[in-house]
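Student: My structure file query35.csv, CSV, C-alpha atoms and all ligand atoms, is below:
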chain,number,residue,atom,x,y,z
A,1070,MET,CA,126.2,108.0,67.4
A,1071,SER,CA,126.5,104.6,65.8
A,1072,TYR,CA,127.7,101.0,66.3
A,1073,ASP,CA,129.2,98.6,63.8
A,1074,ALA,CA,128.3,95.3,65.6
A,1075,TYR,CA,126.1,94.1,68.4
A,1076,GLY,CA,127.5,94.6,71.9
A,1077,ASP,CA,127.3,96.6,75.1
A,1078,LEU,CA,128.1,100.3,75.7
A,1079,GLU,CA,131.7,100.0,74.3
A,1080,VAL,CA,130.3,99.5,70.7
A,1081,LEU,CA,128.8,103.1,70.7
A,1082,HIS,CA,130.9,105.7,69.0
A,1083,LEU,CA,130.5,109.1,67.3
A,1084,SER,CA,130.9,108.8,63.5
A,1085,ASP,CA,130.6,111.1,60.5
A,1086,LEU,CA,128.0,109.5,58.2
A,1087,PRO,CA,126.5,110.9,55.0
A,1088,ASP,CA,123.1,112.7,55.4
A,1089,PRO,CA,120.3,110.3,54.9
A,1090,LYS,CA,118.5,110.3,51.6
A,1091,LEU,CA,115.0,111.8,51.4
A,1092,ALA,CA,112.3,109.5,50.0
A,1093,PRO,CA,109.4,111.2,48.2
A,1094,SER,CA,107.0,110.9,51.2
A,1095,ALA,CA,109.6,111.6,53.8
A,1096,VAL,CA,111.0,114.6,55.6
A,1097,LEU,CA,114.5,115.4,56.8
A,1098,VAL,CA,114.6,116.5,60.4
A,1099,GLU,CA,117.4,118.2,62.2
A,1100,VAL,CA,117.2,116.5,65.5
A,1101,ARG,CA,117.3,118.7,68.6
A,1102,SER,CA,116.6,116.0,71.2
A,1103,ALA,CA,116.2,112.2,71.1
A,1104,SER,CA,115.2,110.0,73.9
A,1105,VAL,CA,116.6,106.8,75.2
A,1106,ASN,CA,114.3,103.8,75.4
A,1107,PRO,CA,115.1,100.3,76.7
A,1108,VAL,CA,114.6,98.9,73.2
A,1109,ASP,CA,117.7,100.8,72.1
A,1110,TRP,CA,120.0,98.8,74.3
A,1111,LYS,CA,118.1,95.6,73.9
A,1112,LEU,CA,118.5,96.0,70.1
A,1113,MET,CA,122.2,97.0,70.5
A,1114,GLY,CA,122.9,93.9,72.5
A,1115,GLY,CA,121.4,91.7,69.8
A,1116,GLY,CA,118.3,90.8,71.7
A,1117,LEU,CA,115.9,91.6,68.8
A,1118,ASP,CA,118.0,89.9,66.1
A,1119,GLY,CA,115.3,87.2,65.6
A,1120,LEU,CA,112.7,89.9,65.0
A,1121,MET,CA,114.2,92.9,63.1
A,1122,ASP,CA,116.7,93.2,60.3
A,1123,VAL,CA,119.5,95.7,61.0
A,1124,VAL,CA,122.1,97.1,58.6
A,1125,PHE,CA,125.4,98.2,60.2
A,1126,PRO,CA,126.5,100.8,61.0
A,1127,VAL,CA,123.3,101.3,63.1
A,1128,VAL,CA,122.4,104.7,64.3
A,1129,PRO,CA,120.2,103.9,67.3
A,1130,GLY,CA,117.2,105.7,68.6
A,1131,TRP,CA,113.5,105.5,67.7
A,1132,ASP,CA,112.1,108.9,68.8
A,1133,ALA,CA,113.0,112.5,68.5
A,1134,ALA,CA,111.9,116.1,68.3
A,1135,GLY,CA,113.5,118.6,65.8
A,1136,VAL,CA,113.0,121.0,62.9
A,1137,VAL,CA,112.1,120.0,59.3
A,1138,VAL,CA,115.0,121.0,57.0
A,1139,ALA,CA,113.8,119.4,53.8
A,1140,THR,CA,110.6,117.8,52.5
A,1141,GLY,CA,110.1,115.1,49.8
A,1142,PRO,CA,107.9,116.1,46.9
A,1143,ASP,CA,104.9,114.2,48.3
A,1144,VAL,CA,104.7,116.0,51.7
A,1145,PRO,CA,102.5,119.0,51.2
A,1146,GLU,CA,101.4,119.0,54.8
A,1147,LEU,CA,104.8,119.9,56.2
A,1148,ALA,CA,107.3,122.7,55.4
A,1149,VAL,CA,110.9,123.6,56.1
A,1150,GLY,CA,111.1,125.2,59.6
A,1151,ASP,CA,108.2,123.2,61.1
A,1152,GLU,CA,108.9,121.9,64.6
A,1153,VAL,CA,108.0,118.3,64.8
A,1154,LEU,CA,108.2,115.1,66.9
A,1155,THR,CA,108.3,111.6,65.6
A,1156,TYR,CA,108.3,107.9,66.4
A,1157,ALA,CA,110.7,107.0,63.7
A,1158,ARG,CA,111.0,103.2,63.9
A,1159,LYS,CA,111.6,101.7,60.5
A,1160,ASP,CA,111.2,98.1,59.3
A,1161,LEU,CA,114.9,98.0,58.5
A,1162,VAL,CA,116.9,99.3,61.5
A,1163,GLN,CA,119.7,101.6,60.5
A,1164,GLY,CA,119.3,105.4,60.5
A,1165,GLY,CA,117.9,106.2,63.9
A,1166,THR,CA,117.4,109.3,65.9
A,1167,TYR,CA,120.7,109.6,67.8
A,1168,ALA,CA,121.9,111.7,64.9
A,1169,GLU,CA,122.0,115.3,63.6
A,1170,LYS,CA,119.9,114.4,60.6
A,1171,LEU,CA,117.0,112.0,60.4
A,1172,ALA,CA,115.0,111.0,57.4
A,1173,VAL,CA,111.5,109.8,58.4
A,1174,PRO,CA,108.3,109.0,56.6
A,1175,ALA,CA,105.8,111.9,57.0
A,1176,VAL,CA,103.2,109.4,58.3
A,1177,SER,CA,105.4,109.0,61.4
A,1178,VAL,CA,105.5,112.8,62.2
A,1179,ALA,CA,103.3,115.2,64.2
A,1180,ARG,CA,103.7,118.9,65.1
A,1181,LYS,CA,105.5,119.6,68.4
A,1182,PRO,CA,103.3,121.4,70.9
A,1183,ALA,CA,104.8,124.9,71.4
A,1184,ALA,CA,104.8,124.7,75.2
A,1185,MET,CA,107.0,121.5,75.3
A,1186,SER,CA,110.8,121.8,75.6
A,1187,TRP,CA,112.8,119.9,73.0
A,1188,ASP,CA,113.7,117.2,75.6
A,1189,GLU,CA,110.1,116.8,76.7
A,1190,ALA,CA,108.9,116.5,73.0
A,1191,GLY,CA,111.7,114.1,72.1
A,1192,GLY,CA,110.6,111.9,75.1
A,1193,LEU,CA,107.0,111.7,74.1
A,1194,PRO,CA,106.6,109.7,70.9
A,1195,LEU,CA,107.6,106.1,71.7
A,1196,ALA,CA,106.6,105.9,75.3
A,1197,GLY,CA,103.5,108.0,74.8
A,1198,LEU,CA,102.2,106.1,71.8
A,1199,THR,CA,102.7,102.8,73.7
A,1200,ALA,CA,100.8,104.2,76.7
A,1201,LEU,CA,98.0,105.5,74.4
A,1202,ARG,CA,97.8,102.3,72.5
A,1203,MET,CA,97.2,100.3,75.7
A,1204,VAL,CA,94.6,102.7,77.0
A,1205,GLU,CA,92.8,102.9,73.7
A,1206,LEU,CA,92.8,99.1,73.1
A,1207,LEU,CA,91.4,98.4,76.5
A,1208,GLU,CA,88.9,101.3,76.1
A,1209,VAL,CA,89.7,102.9,79.4
A,1210,GLY,CA,87.0,105.3,80.6
A,1211,SER,CA,85.7,107.1,83.6
A,1212,ASP,CA,84.2,104.0,85.3
A,1213,ASP,CA,87.5,102.3,85.4
A,1214,VAL,CA,90.0,101.7,88.3
A,1215,VAL,CA,93.3,101.3,86.5
A,1216,LEU,CA,96.4,99.7,88.0
A,1217,VAL,CA,99.6,100.6,86.2
A,1218,HIS,CA,102.6,98.4,87.0
A,1219,GLY,CA,105.7,100.5,86.7
A,1220,ALA,CA,103.9,103.9,86.9
A,1221,SER,CA,107.0,106.0,87.3
A,1222,GLY,CA,108.8,104.9,84.2
A,1223,GLY,CA,108.8,106.2,80.6
A,1224,VAL,CA,105.6,104.4,79.5
A,1225,GLY,CA,104.1,104.2,83.0
A,1226,HIS,CA,104.1,107.9,83.9
A,1227,LEU,CA,102.4,108.7,80.6
A,1228,ALA,CA,99.8,105.9,80.9
A,1229,VAL,CA,98.9,107.2,84.4
A,1230,GLN,CA,98.2,110.7,83.0
A,1231,ILE,CA,96.3,109.5,79.9
A,1232,ALA,CA,94.1,107.2,82.0
A,1233,ALA,CA,93.5,110.0,84.5
A,1234,ALA,CA,92.7,112.5,81.7
A,1235,LEU,CA,89.9,110.1,80.7
A,1236,GLY,CA,88.4,110.2,84.1
A,1237,ALA,CA,89.7,106.9,85.4
A,1238,ARG,CA,90.8,106.3,89.0
A,1239,VAL,CA,94.5,105.3,88.7
A,1240,VAL,CA,96.6,103.3,91.1
A,1241,GLY,CA,100.3,103.0,90.2
A,1242,THR,CA,103.2,100.9,91.5
A,1243,ALA,CA,106.6,102.5,92.1
A,1244,SER,CA,109.3,102.5,94.8
A,1245,GLU,CA,108.6,104.8,97.7
A,1246,ARG,CA,110.8,107.6,96.6
A,1247,ASN,CA,108.5,108.0,93.5
A,1248,HIS,CA,105.3,108.2,95.4
A,1249,ASP,CA,105.0,112.0,95.6
A,1250,PHE,CA,105.7,112.0,91.9
A,1251,LEU,CA,102.9,109.6,91.2
A,1252,ARG,CA,100.5,111.7,93.3
A,1253,ASP,CA,101.4,114.8,91.3
A,1254,LEU,CA,100.5,112.8,88.1
A,1255,GLY,CA,97.1,111.9,89.5
A,1256,ALA,CA,97.7,108.3,90.7
A,1257,GLU,CA,97.4,106.6,94.1
A,1258,PRO,CA,100.8,105.1,94.7
A,1259,VAL,CA,101.6,101.6,96.1
A,1260,VAL,CA,105.0,99.9,96.4
A,1261,TYR,CA,105.5,96.9,94.1
A,1262,GLY,CA,106.5,93.4,95.2
A,1263,GLU,CA,105.1,90.8,97.5
A,1264,GLY,CA,101.7,91.7,99.0
A,1265,LEU,CA,100.7,94.0,96.1
A,1266,GLU,CA,97.3,92.4,95.8
A,1267,ASP,CA,96.5,93.3,99.5
A,1268,ARG,CA,97.7,96.9,99.0
A,1269,VAL,CA,95.6,97.4,95.8
A,1270,ARG,CA,92.5,95.8,97.4
A,1271,ALA,CA,92.9,98.0,100.4
A,1272,LEU,CA,92.4,100.9,98.1
A,1273,ALA,CA,90.0,99.3,95.7
A,1274,PRO,CA,88.2,96.3,97.4
A,1275,GLU,CA,86.5,95.2,94.1
A,1276,GLY,CA,89.9,95.1,92.4
A,1277,ALA,CA,91.2,96.9,89.3
A,1278,THR,CA,88.9,96.9,86.2
A,1279,VAL,CA,92.0,97.5,84.0
A,1280,VAL,CA,95.7,96.5,84.6
A,1281,LEU,CA,98.5,97.9,82.4
A,1282,ASP,CA,101.8,96.1,82.8
A,1283,THR,CA,105.0,98.0,81.7
A,1284,VAL,CA,107.3,95.8,83.9
A,1285,GLY,CA,106.9,92.1,83.2
A,1286,GLY,CA,107.0,89.2,85.6
A,1287,VAL,CA,103.8,90.4,87.3
A,1288,LEU,CA,101.1,88.3,85.5
A,1289,GLU,CA,100.2,86.4,88.7
A,1290,GLN,CA,99.7,89.7,90.6
A,1291,THR,CA,97.7,91.1,87.7
A,1292,LEU,CA,95.3,88.2,87.7
A,1293,ALA,CA,95.0,88.4,91.5
A,1294,VAL,CA,94.0,92.1,91.5
A,1295,LEU,CA,91.8,92.0,88.4
A,1296,ALA,CA,88.1,92.7,89.1
A,1297,GLU,CA,85.5,90.3,87.6
A,1298,ASP,CA,85.4,90.9,83.8
A,1299,GLY,CA,88.5,93.1,84.1
A,1300,ARG,CA,90.8,93.8,81.1
A,1301,HIS,CA,94.5,93.7,81.1
A,1302,ALA,CA,97.5,94.3,78.7
A,1303,SER,CA,101.2,94.0,78.8
A,1304,ILE,CA,104.0,95.5,76.7
A,1305,THR,CA,106.6,93.2,78.2
A,1306,ASP,CA,105.0,89.8,78.6
A,1307,PRO,CA,103.5,88.0,75.6
A,1308,THR,CA,102.1,85.2,77.8
A,1309,VAL,CA,99.3,87.5,78.9
A,1310,GLU,CA,97.5,86.4,75.8
A,1311,GLU,CA,97.1,82.9,77.3
A,1312,HIS,CA,95.2,84.6,80.2
A,1313,GLY,CA,92.8,86.8,78.4
A,1314,GLY,CA,95.2,89.8,78.2
A,1315,ARG,CA,96.4,91.9,75.3
A,1316,TRP,CA,100.0,91.8,74.2
A,1317,VAL,CA,100.7,95.3,72.9
A,1318,TRP,CA,103.4,96.6,70.5
A,1319,VAL,CA,103.7,100.2,69.7
A,1320,ARG,CA,103.7,101.3,66.0
A,1321,PRO,CA,104.5,104.6,64.2
A,1322,ASP,CA,101.2,106.4,63.7
A,1323,ALA,CA,100.9,110.1,63.1
A,1324,ALA,CA,97.2,110.3,63.8
A,1325,ALA,CA,97.8,108.7,67.2
A,1326,LEU,CA,100.7,111.0,67.8
A,1327,GLY,CA,98.3,113.9,67.1
A,1328,ARG,CA,95.8,112.5,69.7
A,1329,LEU,CA,98.7,112.4,72.1
A,1330,THR,CA,99.9,116.0,71.5
A,1331,ALA,CA,96.2,117.1,71.9
A,1332,VAL,CA,96.2,115.8,75.4
A,1333,VAL,CA,99.5,117.7,76.0
A,1334,GLU,CA,97.9,120.9,74.6
A,1335,ARG,CA,94.9,120.5,76.9
A,1336,GLY,CA,97.4,120.6,79.8
A,1337,GLN,CA,96.6,117.0,80.9
A,1338,LEU,CA,99.9,115.3,79.9
A,1339,ARG,CA,103.5,116.2,80.6
A,1340,VAL,CA,106.8,114.4,80.0
A,1341,GLU,CA,109.1,114.1,83.0
A,1342,VAL,CA,112.7,114.3,82.0
A,1343,GLN,CA,115.0,112.9,84.7
A,1344,GLN,CA,118.2,113.9,83.0
A,1345,SER,CA,119.5,115.2,79.7
A,1346,PHE,CA,122.9,114.3,78.2
A,1347,PRO,CA,124.8,115.7,75.2
A,1348,LEU,CA,125.0,113.2,72.3
A,1349,GLU,CA,128.7,112.7,73.1
A,1350,GLN,CA,127.6,111.1,76.5
A,1351,THR,CA,125.2,108.6,75.0
A,1352,ALA,CA,126.9,105.7,76.8
A,1353,ASP,CA,126.2,107.4,80.2
A,1354,ALA,CA,122.5,108.0,79.2
A,1355,VAL,CA,122.1,104.4,78.0
A,1356,ARG,CA,123.7,103.1,81.2
A,1357,LEU,CA,121.2,105.1,83.3
A,1358,SER,CA,118.4,103.5,81.4
A,1359,GLN,CA,119.9,100.0,81.8
A,1360,GLY,CA,119.8,100.6,85.6
A,1361,GLY,CA,116.0,100.2,85.3
A,1362,HIS,CA,115.0,103.0,87.7
A,1363,VAL,CA,114.6,106.1,85.5
A,1364,ARG,CA,111.9,108.5,86.6
A,1365,GLY,CA,110.1,109.5,83.3
A,1366,LYS,CA,112.6,109.8,80.5
A,1367,VAL,CA,116.3,110.2,79.7
A,1368,ALA,CA,117.1,112.7,76.9
A,1369,LEU,CA,119.9,113.2,74.4
A,1370,ARG,CA,120.6,116.7,73.2
A,1371,VAL,CA,121.8,116.5,69.6
A,1372,THR,CA,121.8,120.0,68.0
A,1373,GLU,CA,121.1,123.4,69.4
A,1374,GLY,CA,118.5,125.7,67.8
A,1401,LIG,N1,105.8,96.5,73.5
A,1401,LIG,C1,106.1,97.7,73.2
A,1401,LIG,O1,105.7,98.3,72.2
A,1401,LIG,C2,107.0,98.5,74.2
A,1401,LIG,C3,107.1,99.9,74.1
A,1401,LIG,C4,107.8,100.6,75.0
A,1401,LIG,C5,108.5,99.9,76.0
A,1401,LIG,N2,108.5,98.6,76.1
A,1401,LIG,C6,109.1,97.8,77.2
A,1401,LIG,O2,108.5,98.2,78.4
A,1401,LIG,C7,109.4,98.3,79.4
A,1401,LIG,C8,109.2,99.6,80.1
A,1401,LIG,O3,109.7,100.6,79.3
A,1401,LIG,P1,110.0,102.1,79.8
A,1401,LIG,O4,110.5,102.9,78.8
A,1401,LIG,O5,108.8,102.5,80.6
A,1401,LIG,O6,111.1,101.7,80.9
A,1401,LIG,P2,111.8,102.6,82.0
A,1401,LIG,O7,111.4,104.0,81.8
A,1401,LIG,O8,113.3,102.3,81.9
A,1401,LIG,O9,111.2,102.0,83.4
A,1401,LIG,C9,111.8,102.4,84.5
A,1401,LIG,C10,110.8,102.4,85.6
A,1401,LIG,O10,110.6,101.0,86.0
A,1401,LIG,C11,110.2,101.0,87.4
A,1401,LIG,N3,110.4,99.6,87.9
A,1401,LIG,C12,111.5,98.9,87.9
A,1401,LIG,N4,111.2,97.7,88.5
A,1401,LIG,C13,109.9,97.7,88.8
A,1401,LIG,C14,109.0,96.7,89.4
A,1401,LIG,N5,109.5,95.5,89.7
A,1401,LIG,N6,107.7,97.1,89.5
A,1401,LIG,C15,107.3,98.3,89.2
A,1401,LIG,N7,108.1,99.2,88.6
A,1401,LIG,C16,109.4,98.9,88.4
A,1401,LIG,C17,111.1,102.0,88.0
A,1401,LIG,O11,110.4,102.5,89.1
A,1401,LIG,P3,111.2,102.7,90.5
A,1401,LIG,O12,112.5,103.5,90.2
A,1401,LIG,O13,110.2,103.4,91.4
A,1401,LIG,O14,111.6,101.3,91.0
A,1401,LIG,C18,111.3,103.1,86.9
A,1401,LIG,O15,110.5,104.2,87.1
A,1401,LIG,C19,110.8,98.0,78.8
A,1401,LIG,O16,111.0,96.6,79.0
A,1401,LIG,C20,110.6,98.3,77.4
A,1401,LIG,O17,111.5,97.6,76.5
A,1401,LIG,C21,107.7,97.8,75.2
Give the structure from this file in structure tokens form.

Tutor:
Amino acid sequence: MSYDAYGDLEVLHLSDLPDPKLAPSAVLVEVRSASVNPVDWKLMGGGLDGLMDVVFPVVPGWDAAGVVVATGPDVPELAVGDEVLTYARKDLVQGGTYAEKLAVPAVSVARKPAAMSWDEAGGLPLAGLTALRMVELLEVGSDDVVLVHGASGGVGHLAVQIAAALGARVVGTASERNHDFLRDLGAEPVVYGEGLEDRVRALAPEGATVVLDTVGGVLEQTLAVLAEDGRHASITDPTVEEHGGRWVWVRPDAAALGRLTAVVERGQLRVEVQQSFPLEQTADAVRLSQGGHVRGKVALRVTEG
């Protein structure tokens, strides 16, 4: 799946491109499943043009799970046939994961936990690394009360589980229809919007010691619910830095991906896949993500094993 110019869904089309070249420290992965992330359509619409260089045609997609089909000469740690997952963002945006073949640096790759389905594994890297990065940067621990804004989304539902696995008490915002889902993940649900401070303080009168924002536009509420000396971070609002918060960007990191898959293997982290689409229906999958109310992740099935 590729596009030749910035635009909306109409620019997406299937194309027959040459296999990507394999650099010495890279692996070639046959992609089984890729996941849709909001950044895919933000980038496609030209919204990241000031930040990242692209080379058209762009194959979108930044994370995937699949099987190694070739290794560069400097990749002794992986072999043909290995099942892997990857956060495959590159500095120059071109050959992404919505494709049968993906060349990716070995430093962006980890082994896929055997118990995960392809769609679950493909949905973990970007959202999971983002959630882990926030939790690790703020040093979340068992003494914390953590509020997650957007707890039912791709990043949010993983942040809830990672914080809960560390022993923190977690409160999450979501619309009512997702409250049972949040309870299953280990969070106490509250609806978002006006009055959030009162709802959070009704559960935690001293406030939240940590707030993780995956939504944006909630800084005022964050500051209102934050306990004294509380820590906060956002992945959507750089202005948090002006108010003592951390502005967090995810980055490819195989070691962090390994820490994430370890939590999966301990049975403390799972990926919710709301819907899976064949690659041919990428536009439908992206449209669903654009709607802003996906529960967990949207997957794209690319090749069958
Ligand atoms: N900085 C980074 O490195 C980084 C990394 C990953 C993502 N991001 C950004 O972070 C954002 C979230 O990404 P994502 O993949 O988690 O998105 P997503 O999966 O599309 O998020 C959808 C979720 O957002 C919830 N939601 C919508 N409006 C809300 C509101 N006002 N308050 C609380 N929850 C609300 C929905 O819950 P309901 O259906 O219950 O309403 C839904 O579960 C995107 O803007 C993305 O681009 C940044």

Student: Restricting the calculation to all atoms listed in the file: of A:Val1176, A:Val1144, A:Val1342, A:Ala1157, which residue gets closest to Trp1131 (chain A)?

Tutor: A:Ala1157

Student: Which residues of region 1220-1301 of chain A come within 8 Å of region 1192-1203 of chain A, and for each one, what is the closest pair of atoms and their distance in Å to one decimal, counting all atoms listed in the file, sorted by chain and residue number, as CSV?

Tutor:
residue,atom,partner,partner_atom,distance
A:Gly1223,CA,A:Ala1196,CA,5.7
A:Val1224,CA,A:Ala1196,CA,4.6
A:Gly1225,CA,A:Ala1200,CA,7.1
A:Leu1227,CA,A:Gly1197,CA,5.9
A:Ala1228,CA,A:Ala1200,CA,4.6
A:Ile1231,CA,A:Leu1201,CA,7.0
A:Leu1281,CA,A:Met1203,CA,7.2

Student: Considering all atoms listed in the file, state which residue in the set A:Val1269, A:Leu1206, A:Leu1112, A:Val1123 is at the smallest distance from ligand LIG 1401 (chain A).

Tutor: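 Among A:Val1269, A:Leu1206, A:Leu1112, A:Val1123, it is A:Leu1112 that comes nearest to ligand LIG 1401 (chain A).
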
Student: What do you get as a compact mmCIF listing (two decimals) with C-alpha atoms, in the coordinates of the input if you pick all residues at most 6 Å from ligand LIG 1401 (chain A), counting all atoms listed in the file?

Tutor:
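What landed in out_18.txt:
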# COMPACT_ATOMS: atom_id res chain seq x y z
CA ASN A 1106 114.30 103.80 75.40
CA PRO A 1107 115.10 100.30 76.70
CA VAL A 1108 114.60 98.90 73.20
CA ALA A 1196 106.60 105.90 75.30
CA THR A 1199 102.70 102.80 73.70
CA HIS A 1218 102.60 98.40 87.00
CA GLY A 1219 105.70 100.50 86.70
CA SER A 1221 107.00 106.00 87.30
CA GLY A 1222 108.80 104.90 84.20
CA GLY A 1223 108.80 106.20 80.60
CA VAL A 1224 105.60 104.40 79.50
CA GLY A 1225 104.10 104.20 83.00
CA THR A 1242 103.20 100.90 91.50
CA ALA A 1243 106.60 102.50 92.10
CA SER A 1244 109.30 102.50 94.80
CA ASN A 1247 108.50 108.00 93.50
CA TYR A 1261 105.50 96.90 94.10
CA THR A 1283 105.00 98.00 81.70
CA VAL A 1284 107.30 95.80 83.90
CA ILE A 1304 104.00 95.50 76.70
CA THR A 1305 106.60 93.20 78.20
CA VAL A 1317 100.70 95.30 72.90
CA TRP A 1318 103.40 96.60 70.50
CA VAL A 1319 103.70 100.20 69.70
CA SER A 1358 118.40 103.50 81.40
CA GLY A 1361 116.00 100.20 85.30
CA HIS A 1362 115.00 103.00 87.70
CA VAL A 1363 114.60 106.10 85.50
CA ARG A 1364 111.90 108.50 86.60
CA GLY A 1365 110.10 109.50 83.30

Student: Which polymer residues have any atom within 9 Å of an atom of Asp1188 (chain A), counting all atoms listed in the file, with same-chain residues fewer than 2 positions away left out, as a list in words?

Tutor: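 In the requested format, the answer is Arg1101, Ser1102, Ala1103, Ser1104, Ala1133, Ala1134, Met1185, Ser1186, Ala1190, Gly1191, Gly1192, Leu1193, Val1340, Val1342, Ser1345, Lys1366, Val1367, Ala1368, Leu1369 and Arg1370 of chain A.
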
Student: Ranking A:Val1214, A:Leu1154, A:Val1100, A:Leu1083 by minimum distance to Leu1171 (chain A) and counting only C-alpha atoms, which one comes first?

Tutor: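 Using only C-alpha atoms, the shortest distance to Leu1171 (chain A) belongs to A:Val1100.
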
Student: When you look at Ala1323 (chain A) with a cut-off of 6 Å (counting all atoms listed in the file), what residues show up, excluding the ones that are within fewer than 6 positions of it in the same chain? I need them as a list in words.

Tutor: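 What passes the distance filter is Val1176, Ser1177, Val1178 and Ala1179 of chain A.
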
Student: If you measure from CA of Gly1241 (chain A) to CA of Thr1351 (chain A), what distance in Å do you get, rounded to one decimal?

Tutor: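 Here the two named atoms are 29.7 Å from each other.
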